[in-house]
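A.B. asks: This is the content of work_0.pdb (PDB, C-alpha atoms, pLDDT in the B column):
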```pdb
ATOM      1  CA  MET A 168      63.710 245.680 -77.434  1.00 87.00           C
ATOM      2  CA  PHE A 169      62.544 247.229 -74.166  1.00 85.00           C
ATOM      3  CA  ILE A 170      59.654 249.095 -75.785  1.00 87.00           C
ATOM      4  CA  GLU A 171      58.326 246.171 -77.843  1.00 88.00           C
ATOM      5  CA  PRO A 172      56.590 244.164 -75.079  1.00 86.00           C
ATOM      6  CA  VAL A 173      54.741 247.290 -73.941  1.00 84.00           C
ATOM      7  CA  VAL A 174      53.491 248.185 -77.440  1.00 88.00           C
ATOM      8  CA  ARG A 175      53.372 244.650 -78.909  1.00 86.00           C
ATOM      9  CA  GLU A 176      49.602 244.675 -79.369  1.00 85.00           C
ATOM     10  CA  LEU A 177      49.915 247.807 -81.525  1.00 88.00           C
ATOM     11  CA  ILE A 178      52.317 246.065 -83.923  1.00 89.00           C
ATOM     12  CA  GLY A 179      50.269 244.399 -86.626  1.00 82.00           C
ATOM     13  CA  SER A 180      52.971 242.079 -87.892  1.00 89.00           C
ATOM     14  CA  CYS A 181      55.933 239.914 -86.920  1.00 91.00           C
ATOM     15  CA  THR A 182      58.768 241.115 -84.713  1.00 91.00           C
ATOM     16  CA  PRO A 183      62.444 240.115 -84.664  1.00 92.00           C
ATOM     17  CA  LEU A 184      64.405 237.831 -82.396  1.00 93.00           C
ATOM     18  CA  TYR A 185      66.745 239.978 -80.303  1.00 93.00           C
ATOM     19  CA  LEU A 186      70.195 238.677 -79.425  1.00 91.00           C
ATOM     20  CA  CYS A 187      71.828 239.542 -76.121  1.00 90.00           C
ATOM     21  CA  ASP A 188      75.486 238.669 -76.615  1.00 87.00           C
ATOM     22  CA  LYS A 189      77.988 238.816 -73.775  1.00 85.00           C
ATOM     23  CA  PRO A 190      81.711 238.176 -73.417  1.00 81.00           C
ATOM     24  CA  ALA A 191      81.498 235.584 -70.619  1.00 80.00           C
ATOM     25  CA  PRO A 192      78.984 233.733 -68.421  1.00 82.00           C
ATOM     26  CA  GLY A 193      77.616 235.786 -65.541  1.00 79.00           C
ATOM     27  CA  THR A 194      77.905 239.155 -67.268  1.00 81.00           C
ATOM     28  CA  GLY A 195      74.245 240.187 -67.274  1.00 80.00           C
ATOM     29  CA  ALA A 196      72.195 238.668 -70.106  1.00 84.00           C
ATOM     30  CA  SER A 197      69.769 236.963 -67.718  1.00 85.00           C
ATOM     31  CA  LEU A 198      69.452 240.233 -65.802  1.00 88.00           C
ATOM     32  CA  ILE A 199      68.561 242.047 -69.031  1.00 87.00           C
ATOM     33  CA  ALA A 200      65.949 239.379 -69.849  1.00 87.00           C
ATOM     34  CA  ASP A 201      64.484 239.680 -66.334  1.00 88.00           C
ATOM     35  CA  LEU A 202      64.380 243.465 -66.638  1.00 89.00           C
ATOM     36  CA  LEU A 203      62.647 243.236 -70.011  1.00 85.00           C
ATOM     37  CA  ALA A 204      59.970 240.892 -68.644  1.00 86.00           C
ATOM     38  CA  THR A 205      59.542 242.940 -65.462  1.00 89.00           C
ATOM     39  CA  ILE A 206      58.892 246.090 -67.504  1.00 85.00           C
ATOM     40  CA  ALA A 207      56.385 244.261 -69.708  1.00 81.00           C
ATOM     41  CA  THR A 208      54.567 242.072 -67.186  1.00 84.00           C
ATOM     42  CA  GLY A 209      55.884 242.595 -63.682  1.00 88.00           C
ATOM     43  CA  GLY A 210      57.111 238.984 -63.753  1.00 87.00           C
ATOM     44  CA  ARG A 211      59.873 236.741 -65.044  1.00 88.00           C
ATOM     45  CA  PRO A 212      60.417 235.801 -68.704  1.00 90.00           C
ATOM     46  CA  PHE A 213      59.616 232.349 -70.070  1.00 90.00           C
ATOM     47  CA  LEU A 214      62.979 230.573 -70.423  1.00 92.00           C
ATOM     48  CA  MET A 215      63.482 228.000 -73.149  1.00 92.00           C
ATOM     49  CA  ALA A 216      66.645 225.960 -73.638  1.00 91.00           C
ATOM     50  CA  PRO A 217      67.820 225.608 -77.243  1.00 92.00           C
ATOM     51  CA  CYS A 218      66.932 222.331 -78.951  1.00 91.00           C
ATOM     52  CA  GLU A 219      68.982 219.991 -81.100  1.00 88.00           C
ATOM     53  CA  ASP A 220      66.056 218.375 -82.887  1.00 92.00           C
ATOM     54  CA  GLU A 221      63.661 220.168 -85.256  1.00 94.00           C
ATOM     55  CA  ASP A 222      60.673 218.212 -83.938  1.00 94.00           C
ATOM     56  CA  GLU A 223      61.568 219.268 -80.403  1.00 95.00           C
ATOM     57  CA  TRP A 224      61.699 222.927 -81.481  1.00 95.00           C
ATOM     58  CA  ARG A 225      58.164 222.603 -82.869  1.00 95.00           C
ATOM     59  CA  LYS A 226      56.851 220.987 -79.672  1.00 94.00           C
ATOM     60  CA  ARG A 227      58.493 223.567 -77.416  1.00 94.00           C
ATOM     61  CA  ILE A 228      57.230 226.488 -79.470  1.00 96.00           C
ATOM     62  CA  THR A 229      53.676 225.130 -79.376  1.00 95.00           C
ATOM     63  CA  SER A 230      53.706 224.460 -75.637  1.00 93.00           C
ATOM     64  CA  THR A 231      55.276 227.866 -74.981  1.00 94.00           C
ATOM     65  CA  LEU A 232      52.725 229.756 -77.077  1.00 96.00           C
ATOM     66  CA  LEU A 233      49.889 227.843 -75.369  1.00 94.00           C
ATOM     67  CA  ASP A 234      50.954 229.618 -72.153  1.00 92.00           C
ATOM     68  CA  GLY A 235      50.893 233.009 -73.911  1.00 90.00           C
ATOM     69  CA  PRO A 236      54.032 234.578 -72.390  1.00 91.00           C
ATOM     70  CA  ALA A 237      54.909 238.211 -73.128  1.00 90.00           C
ATOM     71  CA  VAL A 238      58.657 237.493 -73.275  1.00 92.00           C
ATOM     72  CA  VAL A 239      60.338 234.261 -74.437  1.00 94.00           C
ATOM     73  CA  VAL A 240      64.071 233.836 -73.847  1.00 94.00           C
ATOM     74  CA  ILE A 241      66.067 231.159 -75.654  1.00 94.00           C
ATOM     75  CA  ASP A 242      68.752 230.982 -73.025  1.00 91.00           C
ATOM     76  CA  ASN A 243      72.444 230.195 -73.424  1.00 89.00           C
ATOM     77  CA  LEU A 244      72.875 229.430 -77.113  1.00 89.00           C
ATOM     78  CA  ARG A 245      76.032 227.382 -77.525  1.00 87.00           C
ATOM     79  CA  ARG A 246      75.861 226.448 -81.179  1.00 86.00           C
ATOM     80  CA  ARG A 247      74.293 227.649 -84.388  1.00 86.00           C
ATOM     81  CA  LEU A 248      70.653 228.669 -84.108  1.00 88.00           C
ATOM     82  CA  ASP A 249      69.185 226.986 -87.167  1.00 87.00           C
ATOM     83  CA  SER A 250      65.566 225.910 -86.905  1.00 92.00           C
ATOM     84  CA  ALA A 251      62.852 225.957 -89.544  1.00 93.00           C
ATOM     85  CA  ALA A 252      60.196 225.802 -86.807  1.00 95.00           C
ATOM     86  CA  LEU A 253      61.657 228.805 -84.978  1.00 95.00           C
ATOM     87  CA  SER A 254      61.991 230.702 -88.269  1.00 94.00           C
ATOM     88  CA  ALA A 255      58.332 229.975 -88.993  1.00 95.00           C
ATOM     89  CA  ALA A 256      57.265 231.132 -85.520  1.00 96.00           C
ATOM     90  CA  LEU A 257      59.225 234.359 -85.920  1.00 95.00           C
ATOM     91  CA  THR A 258      57.722 235.113 -89.328  1.00 94.00           C
ATOM     92  CA  THR A 259      54.050 234.397 -88.717  1.00 95.00           C
ATOM     93  CA  GLN A 260      51.310 236.067 -86.728  1.00 94.00           C
ATOM     94  CA  VAL A 261      49.513 232.769 -86.015  1.00 95.00           C
ATOM     95  CA  TRP A 262      51.321 229.512 -85.208  1.00 95.00           C
ATOM     96  CA  SER A 263      49.412 226.290 -85.946  1.00 94.00           C
ATOM     97  CA  ASP A 264      50.474 222.894 -84.682  1.00 94.00           C
ATOM     98  CA  ARG A 265      49.042 219.657 -83.356  1.00 87.00           C
ATOM     99  CA  ILE A 266      48.735 219.541 -79.581  1.00 84.00           C
ATOM    100  CA  LEU A 267      50.952 216.814 -78.161  1.00 80.00           C
ATOM    101  CA  GLY A 268      48.964 213.654 -77.358  1.00 78.00           C
ATOM    102  CA  GLN A 269      45.836 214.879 -79.129  1.00 79.00           C
ATOM    103  CA  SER A 270      44.514 214.874 -82.663  1.00 82.00           C
ATOM    104  CA  ARG A 271      43.549 218.532 -82.309  1.00 88.00           C
ATOM    105  CA  VAL A 272      45.365 221.422 -84.005  1.00 91.00           C
ATOM    106  CA  ALA A 273      45.804 224.671 -82.090  1.00 92.00           C
ATOM    107  CA  SER A 274      46.126 228.041 -83.813  1.00 95.00           C
ATOM    108  CA  LEU A 275      48.002 230.355 -81.470  1.00 95.00           C
ATOM    109  CA  PRO A 276      48.744 234.069 -81.849  1.00 94.00           C
ATOM    110  CA  VAL A 277      52.450 234.921 -81.799  1.00 95.00           C
ATOM    111  CA  THR A 278      52.464 238.065 -79.670  1.00 92.00           C
ATOM    112  CA  CYS A 279      55.569 237.551 -77.565  1.00 93.00           C
ATOM    113  CA  THR A 280      58.911 239.297 -77.658  1.00 93.00           C
ATOM    114  CA  TRP A 281      61.691 236.829 -78.551  1.00 95.00           C
ATOM    115  CA  LEU A 282      65.167 237.147 -77.033  1.00 93.00           C
ATOM    116  CA  ALA A 283      68.169 234.831 -77.230  1.00 93.00           C
ATOM    117  CA  THR A 284      71.238 234.951 -75.007  1.00 92.00           C
ATOM    118  CA  ALA A 285      74.725 233.719 -75.891  1.00 90.00           C
ATOM    119  CA  ASN A 286      78.388 234.101 -75.045  1.00 87.00           C
ATOM    120  CA  ASN A 287      80.545 235.471 -77.878  1.00 82.00           C
ATOM    121  CA  ALA A 288      77.935 234.799 -80.563  1.00 82.00           C
ATOM    122  CA  GLN A 289      78.945 234.803 -84.196  1.00 77.00           C
ATOM    123  CA  VAL A 290      76.303 236.309 -86.444  1.00 75.00           C
ATOM    124  CA  ILE A 291      76.493 234.923 -89.957  1.00 70.00           C
ATOM    125  CA  HIS A 292      74.775 236.973 -92.616  1.00 67.00           C
ATOM    126  CA  GLY A 293      73.129 235.252 -95.546  1.00 62.00           C
ATOM    127  CA  PRO A 294      74.166 235.724 -99.165  1.00 60.00           C
ATOM    128  CA  GLN A 295      73.773 239.182-100.604  1.00 56.00           C
ATOM    129  CA  LEU A 296      71.058 239.619-103.219  1.00 52.00           C
ATOM    130  CA  PRO A 297      72.247 240.919-106.577  1.00 56.00           C
ATOM    131  CA  PRO A 298      71.474 244.622-107.248  1.00 55.00           C
TER     132      PRO A 298
END
```
As structure tokens, how would this structure be written, given the file I've shared?
C.D. replies:
Amino acid sequence: MFIEPVVRELIGSCTPLYLCDKPAPGTGASLIADLLATIATGGRPFLMAPCEDEDEWRKRITSTLLDGPAVVVIDNLRRRLDSAALSAALTTQVWSDRILGQSRVASLPVTCTWLATANNAQVIHGPQLPP
């Protein structure tokens, strides 16, 4: 996770979403995110609150990628992270979406490192594929 932002341009494909899980609020996840962004850029990470609505996920991803941040943190997950838009952004090299308030479509490179923070996260694995 700490190496990725430094070598991200050398990676010719998609990268994972990292999860920073902690036992209680105030135990260091934001500090880890700040450290990650400081190593990569000398600045703070781009913080994004989780969304309830799929359309809102799409809009936030587009507006975030328009700014071109090196590190994006989905901060303080409190419920299941289940978004088709986020899944698409994590599994593509170029994100395309209509710019809000315009009839123009933007194609944006996905070159950021994605990190989510949560307290006592439960990771649910999908069904196993048959051998």
A.B. asks: Go through the shown structure with the PyMOL selection byres ((chain A and resi 186-189) around 9) and write out the matching residues as a ChimeraX atom specification.
C.D. replies: /A:184-185,190-196,199-200,281-288
A.B. asks: Find the residue from A:Gly179, A:Pro217, A:Leu202, A:Leu248 that sits nearest to Gln289 (chain A); use all atoms listed in the file when measuring.
C.D. replies: A:Leu248
A.B. asks: When the PyMOL selection byres ((chain A and resi 279) around 9) is applied to the file above, which residues end up in the set, as a list of chain:residue names?
C.D. replies: A:Pro172, A:Arg175, A:Thr182, A:Leu232, A:Gly235, A:Pro236, A:Ala237, A:Val238, A:Val239, A:Pro276, A:Val277, A:Thr278, A:Thr280, A:Trp281
A.B. asks: Could you take the residues named above and write them with C-alpha atoms, as a CSV table (one decimal), keeping the file's coordinate frame?
C.D. replies:
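Contents of out30.csv, as written:
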```csv
chain,number,residue,atom,x,y,z
A,172,PRO,CA,56.6,244.2,-75.1
A,175,ARG,CA,53.4,244.6,-78.9
A,182,THR,CA,58.8,241.1,-84.7
A,232,LEU,CA,52.7,229.8,-77.1
A,235,GLY,CA,50.9,233.0,-73.9
A,236,PRO,CA,54.0,234.6,-72.4
A,237,ALA,CA,54.9,238.2,-73.1
A,238,VAL,CA,58.7,237.5,-73.3
A,239,VAL,CA,60.3,234.3,-74.4
A,276,PRO,CA,48.7,234.1,-81.8
A,277,VAL,CA,52.4,234.9,-81.8
A,278,THR,CA,52.5,238.1,-79.7
A,280,THR,CA,58.9,239.3,-77.7
A,281,TRP,CA,61.7,236.8,-78.6
```
A.B. asks: For the atom pair CA of Ser270 (chain A) and CA of Asp220 (chain A), what is the interatomic distance in Å to one decimal place?
C.D. replies: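 Taking CA of Ser270 (chain A) as the start and CA of Asp220 (chain A) as the end point, the length is 21.8 Å.
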A.B. asks: Nearest to Ile266 (chain A) among A:Leu233, A:Glu223, A:Ile206, A:Glu171, with distances taken over all atoms listed in the file: which residue is it?
C.D. replies: A:Leu233
